[in-house]
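For reference, protein_20.cif is printed below; it contains mmCIF, C-alpha atoms and all ligand atoms.
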```cif
data_protein
loop_
_atom_site.label_atom_id
_atom_site.label_comp_id
_atom_site.auth_asym_id
_atom_site.auth_seq_id
_atom_site.Cartn_x
_atom_site.Cartn_y
_atom_site.Cartn_z
CA MET A 15 61.62 99.85 4.48
CA GLU A 16 61.35 100.78 8.16
CA PRO A 17 60.66 97.71 10.32
CA LYS A 18 57.27 97.77 11.99
CA ALA A 19 57.48 99.07 15.55
CA LYS A 20 57.12 96.11 17.85
CA ARG A 21 55.76 96.22 21.34
CA MET A 22 58.80 95.41 23.42
CA ARG A 23 58.42 95.71 27.16
CA LYS A 24 60.95 94.69 29.72
CA GLU A 25 58.46 94.45 32.57
CA TRP A 26 54.96 93.07 32.81
CA HIS A 27 52.34 95.78 32.77
CA VAL A 28 48.77 94.48 32.63
CA PRO A 29 46.45 97.28 33.71
CA ALA A 30 42.72 96.92 34.24
CA SER A 31 40.58 98.77 31.70
CA GLU A 32 39.24 102.24 32.27
CA MET A 33 35.76 100.77 32.57
CA ALA A 34 36.82 98.35 35.29
CA ARG A 35 38.63 101.08 37.17
CA ASN A 36 35.63 103.38 36.95
CA THR A 37 33.21 100.74 38.22
CA PHE A 38 32.40 101.57 41.76
CA ASN A 39 29.53 100.36 43.94
CA PRO A 40 28.99 102.83 46.80
CA ILE A 41 27.26 100.24 48.99
CA ARG A 42 30.15 97.81 48.67
CA SER A 43 32.84 100.39 49.21
CA ILE A 44 31.13 101.96 52.24
CA VAL A 45 30.10 98.68 53.87
CA ASP A 46 33.42 96.94 53.15
CA GLY A 47 35.20 99.87 54.78
CA MET A 48 33.11 99.68 57.97
CA LYS A 49 34.26 98.01 61.18
CA LEU A 50 31.44 95.57 61.74
CA THR A 51 32.24 93.69 64.93
CA PRO A 52 29.04 92.57 66.65
CA ASN A 53 28.59 92.31 70.39
CA PRO A 54 29.48 88.63 71.07
CA GLU A 55 26.69 88.42 73.64
CA LYS A 56 23.93 89.27 71.19
CA GLN A 57 22.96 87.44 68.06
CA MET A 58 23.37 89.63 64.98
CA ILE A 59 20.20 91.01 63.33
CA ALA A 60 20.88 92.26 59.80
CA LEU A 61 18.37 94.90 58.74
CA SER A 62 20.60 95.79 55.84
CA ILE A 63 20.04 93.23 53.11
CA GLY A 64 17.44 93.97 50.45
CA ASP A 65 16.97 90.27 49.72
CA PRO A 66 13.57 89.03 50.91
CA THR A 67 14.73 85.40 50.91
CA VAL A 68 17.46 85.58 53.55
CA PHE A 69 15.28 84.77 56.58
CA HIS A 70 13.23 82.04 54.84
CA ASN A 71 10.08 83.60 56.29
CA LEU A 72 8.46 84.47 52.95
CA PRO A 73 8.08 81.27 50.92
CA ILE A 74 6.99 81.25 47.28
CA PRO A 75 4.07 79.04 46.19
CA GLU A 76 5.09 75.47 45.42
CA ASP A 77 3.29 75.72 42.07
CA LEU A 78 5.73 78.38 41.00
CA GLU A 79 8.67 76.08 41.72
CA ASP A 80 6.92 73.27 39.83
CA VAL A 81 6.61 75.42 36.71
CA VAL A 82 10.38 75.76 36.46
CA ILE A 83 11.00 72.10 37.33
CA GLN A 84 8.65 71.08 34.56
CA LYS A 85 10.56 73.26 32.06
CA ILE A 86 13.78 71.50 32.99
CA LYS A 87 12.18 68.07 32.64
CA SER A 88 10.67 68.92 29.26
CA ARG A 89 14.18 69.23 27.78
CA LYS A 90 12.79 71.81 25.38
CA PHE A 91 14.67 74.76 26.80
CA ASN A 92 18.29 73.68 26.86
CA GLY A 93 19.23 75.62 23.76
CA TYR A 94 19.97 79.27 23.02
CA ASN A 95 17.04 81.64 23.05
CA PRO A 96 16.58 84.83 20.99
CA SER A 97 18.68 87.66 22.44
CA ILE A 98 15.59 89.71 23.32
CA GLY A 99 13.81 86.67 24.80
CA TYR A 100 11.22 84.14 23.68
CA GLU A 101 8.29 85.78 21.89
CA GLU A 102 5.72 83.99 24.05
CA SER A 103 7.43 85.15 27.24
CA ARG A 104 7.65 88.74 25.98
CA GLN A 105 3.96 88.60 25.10
CA ALA A 106 3.25 87.42 28.66
CA VAL A 107 5.10 90.43 30.09
CA ALA A 108 3.25 92.70 27.66
CA GLU A 109 -0.10 91.43 28.92
CA TYR A 110 0.99 91.58 32.55
CA THR A 111 2.05 95.23 32.15
CA SER A 112 -0.87 96.43 29.99
CA THR A 113 -3.47 98.63 31.68
CA GLU A 114 -6.79 100.11 30.62
CA THR A 115 -4.96 103.10 29.17
CA ILE A 116 -2.11 101.32 27.40
CA LYS A 117 -1.80 97.97 25.66
CA TYR A 118 1.60 96.47 24.99
CA THR A 119 2.60 93.61 22.70
CA ALA A 120 5.67 91.39 22.56
CA LYS A 121 7.47 93.91 20.34
CA ASP A 122 7.50 96.39 23.23
CA VAL A 123 9.29 93.99 25.60
CA ILE A 124 12.89 92.91 26.05
CA LEU A 125 13.83 90.27 28.60
CA THR A 126 16.91 90.83 30.74
CA SER A 127 18.90 89.26 33.53
CA GLY A 128 17.19 90.99 36.44
CA CYS A 129 16.18 94.61 36.62
CA SER A 130 19.85 95.60 36.86
CA MET A 131 20.53 94.46 33.30
CA ALA A 132 17.37 96.26 32.17
CA LEU A 133 18.69 99.48 33.73
CA ASP A 134 22.12 98.91 32.21
CA LEU A 135 20.67 98.52 28.70
CA CYS A 136 18.43 101.59 29.12
CA ILE A 137 21.24 103.82 30.34
CA SER A 138 23.55 102.51 27.60
CA VAL A 139 21.02 103.02 24.81
CA LEU A 140 20.12 106.59 25.81
CA ALA A 141 23.34 108.20 27.01
CA ASN A 142 26.77 108.75 25.52
CA ARG A 143 30.06 109.17 27.37
CA GLY A 144 30.23 112.76 28.62
CA GLN A 145 26.46 113.19 28.82
CA ASN A 146 24.56 113.00 32.11
CA ILE A 147 21.55 111.24 33.54
CA LEU A 148 19.49 112.52 36.45
CA VAL A 149 18.99 110.22 39.42
CA PRO A 150 17.09 110.59 42.71
CA ARG A 151 18.79 111.51 45.99
CA PRO A 152 18.40 109.43 48.08
CA GLY A 153 18.43 106.73 45.44
CA PHE A 154 19.46 103.21 44.64
CA SER A 155 23.19 103.15 44.04
CA ILE A 156 23.28 100.99 40.92
CA TYR A 157 22.34 103.93 38.66
CA LYS A 158 25.60 105.65 39.53
CA THR A 159 27.62 102.43 39.26
CA LEU A 160 26.29 101.64 35.79
CA ALA A 161 26.51 105.16 34.42
CA GLU A 162 29.93 106.15 35.70
CA SER A 163 31.56 102.94 34.53
CA GLN A 164 30.71 104.11 31.01
CA GLY A 165 31.86 107.70 31.49
CA ILE A 166 28.25 108.94 31.80
CA HIS A 167 27.88 111.53 34.55
CA VAL A 168 25.27 111.44 37.25
CA LYS A 169 23.43 114.54 38.45
CA TYR A 170 21.08 114.41 41.41
CA TYR A 171 17.62 115.72 41.98
CA ASP A 172 16.26 115.78 45.52
CA LEU A 173 13.47 113.86 47.18
CA MET A 174 11.72 115.51 50.12
CA PRO A 175 11.42 113.50 53.37
CA GLU A 176 8.85 115.95 54.76
CA ARG A 177 6.62 115.18 51.76
CA SER A 178 6.90 111.39 51.92
CA TRP A 179 9.93 111.56 49.63
CA GLN A 180 8.18 113.14 46.66
CA VAL A 181 10.41 114.55 43.95
CA ASP A 182 11.38 118.18 44.46
CA ILE A 183 10.28 119.23 40.97
CA GLU A 184 12.27 122.48 41.14
CA SER A 185 15.41 120.55 41.96
CA LEU A 186 14.67 118.16 39.08
CA GLU A 187 14.12 121.02 36.69
CA SER A 188 17.27 122.84 37.73
CA ALA A 189 19.40 119.71 37.28
CA ILE A 190 18.45 119.43 33.60
CA ASP A 191 21.01 120.82 31.15
CA SER A 192 21.82 120.50 27.47
CA ASN A 193 23.85 117.33 28.17
CA THR A 194 21.08 115.51 30.00
CA ALA A 195 20.18 112.31 28.18
CA ALA A 196 17.50 110.87 30.48
CA VAL A 197 15.98 110.99 33.93
CA ILE A 198 15.60 107.96 36.17
CA ILE A 199 12.47 107.73 38.31
CA ASN A 200 12.13 105.01 40.93
CA ASN A 201 8.59 104.34 42.11
CA PRO A 202 7.94 102.67 44.57
CA SER A 203 11.33 103.56 45.93
CA ASN A 204 14.35 101.89 47.36
CA PRO A 205 15.53 103.18 49.85
CA CYS A 206 12.56 105.41 50.73
CA GLY A 207 9.54 103.10 50.56
CA SER A 208 7.64 105.95 48.93
CA VAL A 209 4.78 105.56 46.44
CA PHE A 210 4.00 108.50 44.17
CA SER A 211 0.42 109.65 43.65
CA ARG A 212 -1.06 109.94 40.18
CA ASP A 213 -0.89 113.73 40.35
CA HIS A 214 2.74 113.68 41.36
CA LEU A 215 3.62 111.34 38.50
CA LEU A 216 1.78 113.69 36.13
CA ASP A 217 3.92 116.59 37.43
CA ILE A 218 7.05 114.57 36.74
CA LEU A 219 5.81 113.73 33.25
CA ASP A 220 5.01 117.36 32.62
CA THR A 221 8.59 118.36 33.50
CA ALA A 222 10.05 115.67 31.23
CA SER A 223 7.68 116.66 28.46
CA ARG A 224 8.59 120.36 28.58
CA HIS A 225 12.29 119.47 28.37
CA LYS A 226 11.76 116.63 25.87
CA LEU A 227 13.56 114.19 28.14
CA PRO A 228 12.98 110.41 28.01
CA ILE A 229 12.41 108.65 31.31
CA ILE A 230 13.90 105.41 32.59
CA SER A 231 11.31 104.24 35.08
CA ASP A 232 12.60 101.75 37.65
CA GLU A 233 9.42 99.90 38.61
CA ILE A 234 10.93 96.79 40.20
CA TYR A 235 8.60 97.32 43.21
CA GLU A 236 5.52 97.71 40.99
CA HIS A 237 2.27 96.83 42.79
CA PHE A 238 4.16 96.52 46.09
CA VAL A 239 2.13 99.25 47.83
CA PHE A 240 0.52 99.36 51.26
CA SER A 241 -3.17 99.98 51.95
CA GLY A 242 -4.39 103.46 51.10
CA ASN A 243 -1.90 103.81 48.23
CA LYS A 244 -2.34 103.01 44.56
CA TYR A 245 0.35 102.08 42.10
CA TYR A 246 0.48 103.69 38.66
CA SER A 247 3.08 102.85 36.06
CA LEU A 248 4.50 105.91 34.31
CA GLY A 249 3.77 104.26 30.97
CA SER A 250 0.06 104.16 31.78
CA LEU A 251 -0.03 107.92 32.40
CA THR A 252 2.13 109.44 29.69
CA THR A 253 0.69 110.96 26.55
CA ASP A 254 3.96 112.00 24.92
CA VAL A 255 7.02 111.28 27.08
CA PRO A 256 8.85 108.18 25.85
CA ILE A 257 9.46 105.75 28.68
CA LEU A 258 11.63 102.70 29.21
CA SER A 259 10.21 100.85 32.21
CA CYS A 260 12.38 98.34 34.04
CA SER A 261 10.96 95.60 36.21
CA GLY A 262 11.09 91.86 36.81
CA LEU A 263 10.21 88.98 39.10
CA THR A 264 12.81 89.91 41.71
CA LYS A 265 10.76 91.65 44.38
CA ARG A 266 7.06 91.01 43.90
CA PHE A 267 7.61 87.30 43.27
CA LEU A 268 10.40 87.08 45.86
CA VAL A 269 12.95 85.37 43.61
CA PRO A 270 15.92 87.74 43.17
CA GLY A 271 18.25 84.84 42.37
CA TRP A 272 16.20 83.82 39.34
CA ARG A 273 17.51 86.94 37.58
CA MET A 274 14.38 87.54 35.53
CA GLY A 275 13.88 91.14 34.47
CA TRP A 276 12.49 93.09 31.57
CA ILE A 277 12.19 96.41 29.76
CA VAL A 278 8.81 97.62 28.54
CA ILE A 279 8.89 100.38 25.92
CA THR A 280 6.22 103.10 25.89
CA ASP A 281 6.53 105.30 22.85
CA LYS A 282 3.18 106.74 21.88
CA ASN A 283 4.54 109.09 19.22
CA ASP A 284 7.19 106.81 17.69
CA VAL A 285 10.14 108.94 18.72
CA MET A 286 12.22 105.97 19.87
CA THR A 287 12.48 103.91 16.68
CA GLU A 288 16.26 104.10 16.82
CA VAL A 289 16.29 103.37 20.55
CA ARG A 290 14.22 100.22 19.98
CA LYS A 291 16.77 99.03 17.42
CA GLY A 292 19.61 100.06 19.73
CA LEU A 293 18.18 97.98 22.56
CA VAL A 294 17.98 94.94 20.30
CA SER A 295 21.62 95.46 19.27
CA LEU A 296 22.72 95.77 22.88
CA THR A 297 21.05 92.47 23.81
CA GLN A 298 23.25 90.84 21.20
CA ARG A 299 26.35 91.47 23.30
CA LEU A 300 25.30 88.94 25.96
CA LEU A 301 22.31 86.68 26.33
CA GLY A 302 20.25 87.72 29.34
CA PRO A 303 17.98 85.54 31.45
CA THR A 304 18.22 81.79 31.59
CA SER A 305 15.94 79.99 29.13
CA LEU A 306 14.26 77.99 31.90
CA VAL A 307 12.90 80.97 33.80
CA GLN A 308 12.04 82.79 30.57
CA ALA A 309 10.04 79.81 29.41
CA SER A 310 8.25 79.70 32.78
CA LEU A 311 7.19 83.36 32.61
CA PRO A 312 3.80 82.93 30.90
CA GLU A 313 2.63 80.55 33.62
CA ILE A 314 4.26 82.47 36.47
CA LEU A 315 2.69 85.77 35.43
CA ALA A 316 -0.75 84.38 34.69
CA GLU A 317 -1.15 81.79 37.42
CA THR A 318 0.49 83.04 40.60
CA PRO A 319 -2.45 83.33 43.00
CA GLN A 320 -3.46 86.80 44.12
CA SER A 321 -3.42 85.52 47.71
CA PHE A 322 0.37 85.13 47.51
CA PHE A 323 0.78 88.84 46.74
CA THR A 324 -1.77 89.90 49.34
CA ASP A 325 -0.17 87.74 52.04
CA THR A 326 3.34 89.02 51.30
CA LEU A 327 2.20 92.62 51.25
CA GLY A 328 0.22 92.19 54.46
CA TYR A 329 3.27 90.72 56.19
CA VAL A 330 5.56 93.54 55.08
CA GLU A 331 2.99 96.24 55.86
CA ASP A 332 2.44 94.86 59.39
CA ASN A 333 6.20 94.97 59.93
CA ALA A 334 6.32 98.51 58.54
CA ASN A 335 3.63 99.67 60.98
CA LEU A 336 5.28 97.96 63.93
CA PHE A 337 8.73 99.31 63.08
CA TYR A 338 7.29 102.79 62.58
CA LYS A 339 5.44 102.76 65.90
CA LEU A 340 8.39 101.45 67.92
CA ILE A 341 11.05 103.64 66.28
CA SER A 342 8.91 106.79 66.53
CA ALA A 343 9.19 106.43 70.32
CA ILE A 344 13.00 106.32 70.30
CA PRO A 345 14.73 109.61 71.15
CA GLY A 346 16.84 111.06 68.35
CA LEU A 347 15.34 108.97 65.53
CA ARG A 348 12.88 110.22 62.89
CA PRO A 349 11.35 107.39 60.83
CA VAL A 350 9.59 108.38 57.61
CA LYS A 351 6.52 106.21 57.22
CA PRO A 352 6.80 104.02 54.13
CA GLN A 353 3.92 103.57 51.67
CA GLY A 354 5.27 100.54 49.84
CA ALA A 355 8.36 98.57 48.72
CA MET A 356 10.42 96.88 51.43
CA TYR A 357 12.28 99.65 53.20
CA MET A 358 12.04 102.50 55.64
CA MET A 359 14.39 105.45 55.99
CA ILE A 360 15.13 106.80 59.46
CA GLY A 361 16.63 110.20 60.13
CA ILE A 362 19.19 110.56 62.94
CA ASP A 363 19.31 113.81 64.96
CA ILE A 364 23.05 113.46 64.85
CA GLU A 365 23.77 116.59 66.91
CA LYS A 366 21.91 114.93 69.79
CA PHE A 367 24.38 112.06 69.90
CA PRO A 368 27.68 113.44 71.20
CA GLY A 369 30.63 111.34 70.14
CA ILE A 370 28.84 109.99 67.06
CA LYS A 371 30.08 111.62 63.87
CA ASP A 372 27.61 110.58 61.21
CA ASP A 373 25.35 107.78 59.95
CA VAL A 374 28.30 105.47 59.22
CA ASP A 375 29.64 105.95 62.75
CA PHE A 376 26.12 105.50 64.20
CA THR A 377 25.46 102.23 62.37
CA GLU A 378 28.96 100.91 63.16
CA LYS A 379 28.49 101.55 66.88
CA LEU A 380 25.00 100.05 66.78
CA VAL A 381 26.56 96.82 65.49
CA LYS A 382 29.34 96.90 68.06
CA GLU A 383 27.05 97.45 71.04
CA GLN A 384 23.72 95.90 70.02
CA SER A 385 24.49 93.59 67.05
CA VAL A 386 21.93 95.31 64.83
CA PHE A 387 23.12 96.25 61.36
CA CYS A 388 21.32 98.93 59.36
CA LEU A 389 22.59 100.44 56.12
CA PRO A 390 23.94 103.98 56.49
CA ALA A 391 22.14 106.16 53.96
CA LYS A 392 25.47 107.59 52.85
CA CYS A 393 25.24 104.56 50.51
CA PHE A 394 22.29 106.36 48.90
CA GLN A 395 23.99 109.79 48.89
CA TYR A 396 21.93 110.85 51.91
CA PRO A 397 23.94 111.21 55.11
CA ASN A 398 22.50 111.12 58.63
CA TYR A 399 19.75 108.70 57.75
CA PHE A 400 19.83 104.92 57.73
CA ARG A 401 17.74 102.35 55.91
CA ILE A 402 16.14 99.22 57.33
CA VAL A 403 14.49 96.33 55.47
CA LEU A 404 10.93 95.41 56.37
CA THR A 405 10.90 91.77 55.30
CA ILE A 406 12.43 90.26 58.44
CA PRO A 407 10.59 87.86 60.82
CA LYS A 408 8.24 89.62 63.25
CA ASP A 409 9.96 88.51 66.44
CA LYS A 410 13.17 90.10 65.18
CA VAL A 411 11.39 93.43 64.60
CA VAL A 412 10.64 93.82 68.29
CA VAL A 413 14.10 92.70 69.43
CA ALA A 414 15.82 94.99 66.89
CA CYS A 415 13.73 97.99 68.04
CA ASP A 416 14.40 97.24 71.73
CA ARG A 417 18.10 97.23 70.99
CA MET A 418 17.94 100.43 68.95
CA ARG A 419 16.08 102.07 71.84
CA ASP A 420 18.73 100.92 74.35
CA PHE A 421 21.47 102.20 72.07
CA CYS A 422 19.85 105.61 71.64
CA ASN A 423 19.08 105.90 75.35
CA ASP A 424 22.75 105.21 76.07
CA HIS A 425 23.99 107.85 73.64
CA TYR A 426 21.28 110.48 73.48
CA MET A 427 22.12 113.84 74.97
CA THR A 428 19.28 114.79 77.34
CA MET A 429 18.73 118.50 77.77
CA VAL A 430 17.83 119.70 81.25
CA ASN A 431 17.15 123.44 81.50
CA GLY A 432 19.18 124.00 78.38
CA HIS A 433 22.20 122.07 79.80
CA THR A 434 23.25 118.53 79.03
C1 LIG B 1 15.25 100.11 43.01
C2 LIG B 1 15.91 98.87 42.52
N1 LIG B 1 16.15 98.74 41.21
C3 LIG B 1 16.75 97.65 40.72
C4 LIG B 1 17.15 96.61 41.53
C5 LIG B 1 17.86 95.44 40.93
O1 LIG B 1 17.00 94.38 40.77
P1 LIG B 1 17.52 92.96 40.21
O2 LIG B 1 17.98 92.19 41.41
O3 LIG B 1 16.32 92.38 39.55
O4 LIG B 1 18.62 93.21 39.26
C6 LIG B 1 16.92 96.70 42.91
C7 LIG B 1 17.37 95.63 43.81
O5 LIG B 1 17.38 95.73 45.01
C8 LIG B 1 16.28 97.87 43.42
O6 LIG B 1 16.04 98.02 44.73
#
```
Take the structure from the file and write it as structure tokens.
Amino acid sequence: MEPKAKRMRKEWHVPASEMARNTFNPIRSIVDGMKLTPNPEKQMIALSIGDPTVFHNLPIPEDLEDVVIQKIKSRKFNGYNPSIGYEESRQAVAEYTSTETIKYTAKDVILTSGCSMALDLCISVLANRGQNILVPRPGFSIYKTLAESQGIHVKYYDLMPERSWQVDIESLESAIDSNTAAVIINNPSNPCGSVFSRDHLLDILDTASRHKLPIISDEIYEHFVFSGNKYYSLGSLTTDVPILSCSGLTKRFLVPGWRMGWIVITDKNDVMTEVRKGLVSLTQRLLGPTSLVQASLPEILAETPQSFFTDTLGYVEDNANLFYKLISAIPGLRPVKPQGAMYMMIGIDIEKFPGIKDDVDFTEKLVKEQSVFCLPAKCFQYPNYFRIVLTIPKDKVVVACDRMRDFCNDHYMTMVNGHT
């Protein structure tokens, strides 16, 4: 009998897996590759971090902290929890998400570690290697990171800055092909700060319905909309399109580190029976959110005072208006007024800044000369824009805008009689 072939290697060879090698976060790779040396004479102002806790200017209610402390003290939640989450907590999310037009129950909810895990499960349950998903451009980079690490391709559809970043429906429609497994919609949007109207959401649903495409709806900024705008969940508007909505406590409750997210399933015509089962199976790979925060959810969702949300929103909206007013007066910059979420996108008339190549170069030089760091929108597949966060302390808004103005004045090409 032939001896079994043995693995005999003379040298060590321990490669990383294909998945690890294909995992790529555009924000990290662009930002890590930038030369970020601030001007030593000016204190750094970071307008780049989408974490509302970094400046300690937006505290959460003490009662909310007490809920979690009490769960620890009770010693009831030190054990494993069901992979999809405690039933009572899922029921709490179901009630929180229900509207007049749609009622959810615990069976429609899966708890996850932040919205990122919710997105990961949704992409994984709907798409196979070699298929594609459609994502917005500009759009949050995690969609691409999660999909491509699994060999799922990403195709882009465009958002239109001149129409407050609405979806270009033609571009969406033309991106759909026979390998498209799902479309991701993000409303309100990071990085755009846009909020879609009811009619616009109905147009998106109509497109998905005609092509029989399920939607993954990233609603992590749900309800975070400025005055004059109204938030609608896609699930509350659909009549036939199956929807997996992803949200969590991260943004509205200002606790990104608590890693509490969820998926809510809308499936009016029972076309996602297998997907529901698939989601449950996927949660069995890893347990998601910590038991303590899960157990706190019913109280957090039902008892957080409305005034907390109104105060936070008022603060962010005031900043948005101030930023918009001050930046609109800076030569060479084109801010697009946000309607919600925590961000504003600003276009750069790059041809008016001789010696500055693109948005990465612009934001690098802005750090070097003025110690203000904004995220180049190349991170969101949208060159020659940059994104700022709106959650910073008010006094920093004015200083940051003064510095941006000085920077642009120093670099802007002024035209006199057609000559520079
Ligand atoms: C649009 C969008 N989706 C998802 C996430 C991820 O949220 P989480 O921190 O809950 O995973 C973020 C975080 O910034 C986001 O902006």
So that each row is one residue of chain A with an atom at most 10 Å from ligand LIG 1 (chain B), can you give its shortest atom pair and the distance in Å to one decimal, using all atoms listed in the file, rows by chain and rising number, as JSON lines?
```
{"residue": "A:Ile63", "atom": "CA", "partner": "B:LIG1", "partner_atom": "O5", "distance": 8.9}
{"residue": "A:Gly64", "atom": "CA", "partner": "B:LIG1", "partner_atom": "O5", "distance": 5.7}
{"residue": "A:Asp65", "atom": "CA", "partner": "B:LIG1", "partner_atom": "O5", "distance": 7.2}
{"residue": "A:Pro66", "atom": "CA", "partner": "B:LIG1", "partner_atom": "O5", "distance": 9.7}
{"residue": "A:Thr126", "atom": "CA", "partner": "B:LIG1", "partner_atom": "O3", "distance": 9.0}
{"residue": "A:Ser127", "atom": "CA", "partner": "B:LIG1", "partner_atom": "O4", "distance": 7.0}
{"residue": "A:Gly128", "atom": "CA", "partner": "B:LIG1", "partner_atom": "O3", "distance": 3.5}
{"residue": "A:Cys129", "atom": "CA", "partner": "B:LIG1", "partner_atom": "O3", "distance": 3.7}
{"residue": "A:Ser130", "atom": "CA", "partner": "B:LIG1", "partner_atom": "O4", "distance": 3.6}
{"residue": "A:Met131", "atom": "CA", "partner": "B:LIG1", "partner_atom": "O4", "distance": 6.4}
{"residue": "A:Ala132", "atom": "CA", "partner": "B:LIG1", "partner_atom": "O4", "distance": 7.8}
{"residue": "A:Leu133", "atom": "CA", "partner": "B:LIG1", "partner_atom": "C3", "distance": 7.5}
{"residue": "A:Asp134", "atom": "CA", "partner": "B:LIG1", "partner_atom": "O4", "distance": 9.7}
{"residue": "A:Gly153", "atom": "CA", "partner": "B:LIG1", "partner_atom": "C1", "distance": 7.7}
{"residue": "A:Phe154", "atom": "CA", "partner": "B:LIG1", "partner_atom": "C1", "distance": 5.5}
{"residue": "A:Ser155", "atom": "CA", "partner": "B:LIG1", "partner_atom": "C1", "distance": 8.6}
{"residue": "A:Ile156", "atom": "CA", "partner": "B:LIG1", "partner_atom": "C3", "distance": 7.3}
{"residue": "A:Tyr157", "atom": "CA", "partner": "B:LIG1", "partner_atom": "N1", "distance": 8.5}
{"residue": "A:Ile199", "atom": "CA", "partner": "B:LIG1", "partner_atom": "C1", "distance": 9.4}
{"residue": "A:Asn200", "atom": "CA", "partner": "B:LIG1", "partner_atom": "C1", "distance": 6.2}
{"residue": "A:Asn201", "atom": "CA", "partner": "B:LIG1", "partner_atom": "C1", "distance": 7.9}
{"residue": "A:Pro202", "atom": "CA", "partner": "B:LIG1", "partner_atom": "C1", "distance": 7.9}
{"residue": "A:Ser203", "atom": "CA", "partner": "B:LIG1", "partner_atom": "C1", "distance": 6.0}
{"residue": "A:Asn204", "atom": "CA", "partner": "B:LIG1", "partner_atom": "C1", "distance": 4.8}
{"residue": "A:Pro205", "atom": "CA", "partner": "B:LIG1", "partner_atom": "O6", "distance": 7.3}
{"residue": "A:Cys206", "atom": "CA", "partner": "B:LIG1", "partner_atom": "C1", "distance": 9.7}
{"residue": "A:Gly207", "atom": "CA", "partner": "B:LIG1", "partner_atom": "C1", "distance": 9.9}
{"residue": "A:Ser231", "atom": "CA", "partner": "B:LIG1", "partner_atom": "N1", "distance": 9.6}
{"residue": "A:Asp232", "atom": "CA", "partner": "B:LIG1", "partner_atom": "N1", "distance": 5.9}
{"residue": "A:Glu233", "atom": "CA", "partner": "B:LIG1", "partner_atom": "C1", "distance": 7.3}
{"residue": "A:Ile234", "atom": "CA", "partner": "B:LIG1", "partner_atom": "N1", "distance": 5.7}
{"residue": "A:Tyr235", "atom": "CA", "partner": "B:LIG1", "partner_atom": "C1", "distance": 7.2}
{"residue": "A:Cys260", "atom": "CA", "partner": "B:LIG1", "partner_atom": "C3", "distance": 8.0}
{"residue": "A:Ser261", "atom": "CA", "partner": "B:LIG1", "partner_atom": "O3", "distance": 7.1}
{"residue": "A:Gly262", "atom": "CA", "partner": "B:LIG1", "partner_atom": "O3", "distance": 5.9}
{"residue": "A:Leu263", "atom": "CA", "partner": "B:LIG1", "partner_atom": "O3", "distance": 7.0}
{"residue": "A:Thr264", "atom": "CA", "partner": "B:LIG1", "partner_atom": "O3", "distance": 4.8}
{"residue": "A:Lys265", "atom": "CA", "partner": "B:LIG1", "partner_atom": "O3", "distance": 7.4}
{"residue": "A:Val269", "atom": "CA", "partner": "B:LIG1", "partner_atom": "O2", "distance": 8.8}
{"residue": "A:Pro270", "atom": "CA", "partner": "B:LIG1", "partner_atom": "O2", "distance": 5.2}
{"residue": "A:Gly271", "atom": "CA", "partner": "B:LIG1", "partner_atom": "O2", "distance": 7.4}
{"residue": "A:Trp272", "atom": "CA", "partner": "B:LIG1", "partner_atom": "O3", "distance": 8.6}
{"residue": "A:Arg273", "atom": "CA", "partner": "B:LIG1", "partner_atom": "O3", "distance": 5.9}
{"residue": "A:Met274", "atom": "CA", "partner": "B:LIG1", "partner_atom": "O3", "distance": 6.6}
{"residue": "A:Gly275", "atom": "CA", "partner": "B:LIG1", "partner_atom": "O3", "distance": 5.8}
{"residue": "A:Trp276", "atom": "CA", "partner": "B:LIG1", "partner_atom": "O3", "distance": 8.9}
{"residue": "A:Ala355", "atom": "CA", "partner": "B:LIG1", "partner_atom": "O6", "distance": 8.7}
{"residue": "A:Met356", "atom": "CA", "partner": "B:LIG1", "partner_atom": "O6", "distance": 8.8}
{"residue": "A:Tyr357", "atom": "CA", "partner": "B:LIG1", "partner_atom": "O6", "distance": 9.4}
```
Using only C-alpha atoms, which residues sit within 10 Å of A:Arg212 once same-chain residues fewer than 2 positions away are excluded, as a ChimeraX atom specification? /A:209-210,214-218,244-248,251
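Across A:Thr194, A:Asn39, A:Gln298, A:Thr159, the tightest approach to A:Pro96 is made by A:Gln298 when counting all atoms listed in the file.
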Just the residues within 7 Å of A:Val350, please, counting only C-alpha atoms, with nothing from its chain fewer than 3 positions along; format it as a list in words. Pro175, Ser178, Met358, Met359 and Ile360 of chain A
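With all atoms listed in the file as the basis for measurement, A:Ile402 is the residue among A:Ala161, A:Asp284, A:Val413, A:Ile402 that approaches A:Cys388 most closely.
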Fewer than 4 positions away in the same chain doesn't count, so skip those; otherwise give me all residues within 12 Å of A:Leu186, counting all atoms listed in the file, as a PyMOL selection string. chain A and resi 147-151+169-174+180-182+190-191+194+196-199+217-222+225+227
Around (35.9, 101.3, 38.3) in the file's own coordinates, what residues are found within 12 Å if you use all atoms listed in the file, given back as an MDAnalysis selection string? chainID A and resid 30:40 43 158:165
Write out as lines of an AutoDock Vina configuration file an axis-aligned box for stretch 317-325 of chain A: all of its atoms listed in the file, 3 Å added on each side, centre and edge lengths in Å with one decimal.
```
center_x = -1.3
center_y = 85.8
center_z = 44.7
size_x = 10.2
size_y = 14.1
size_z = 20.6
```
Would you mind listing what lies within 9 Å of A:Thr280 as a ChimeraX atom specification, with all atoms listed in the file counted and same-chain residues fewer than 2 positions away left out? /A:116,118,122,249-250,252,255-259,278,282,286
Neighbour residues at most 12 Å from (13.5, 74.3, 37.5) (only C-alpha atoms) as a PyMOL selection string: chain A and resi 76-89+91-92+272+304-310
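In this comparison, which uses only C-alpha atoms, the residue of A:Ser97, A:Lys226, A:Arg348, A:Gly328 approaching A:Val285 most closely is A:Lys226.
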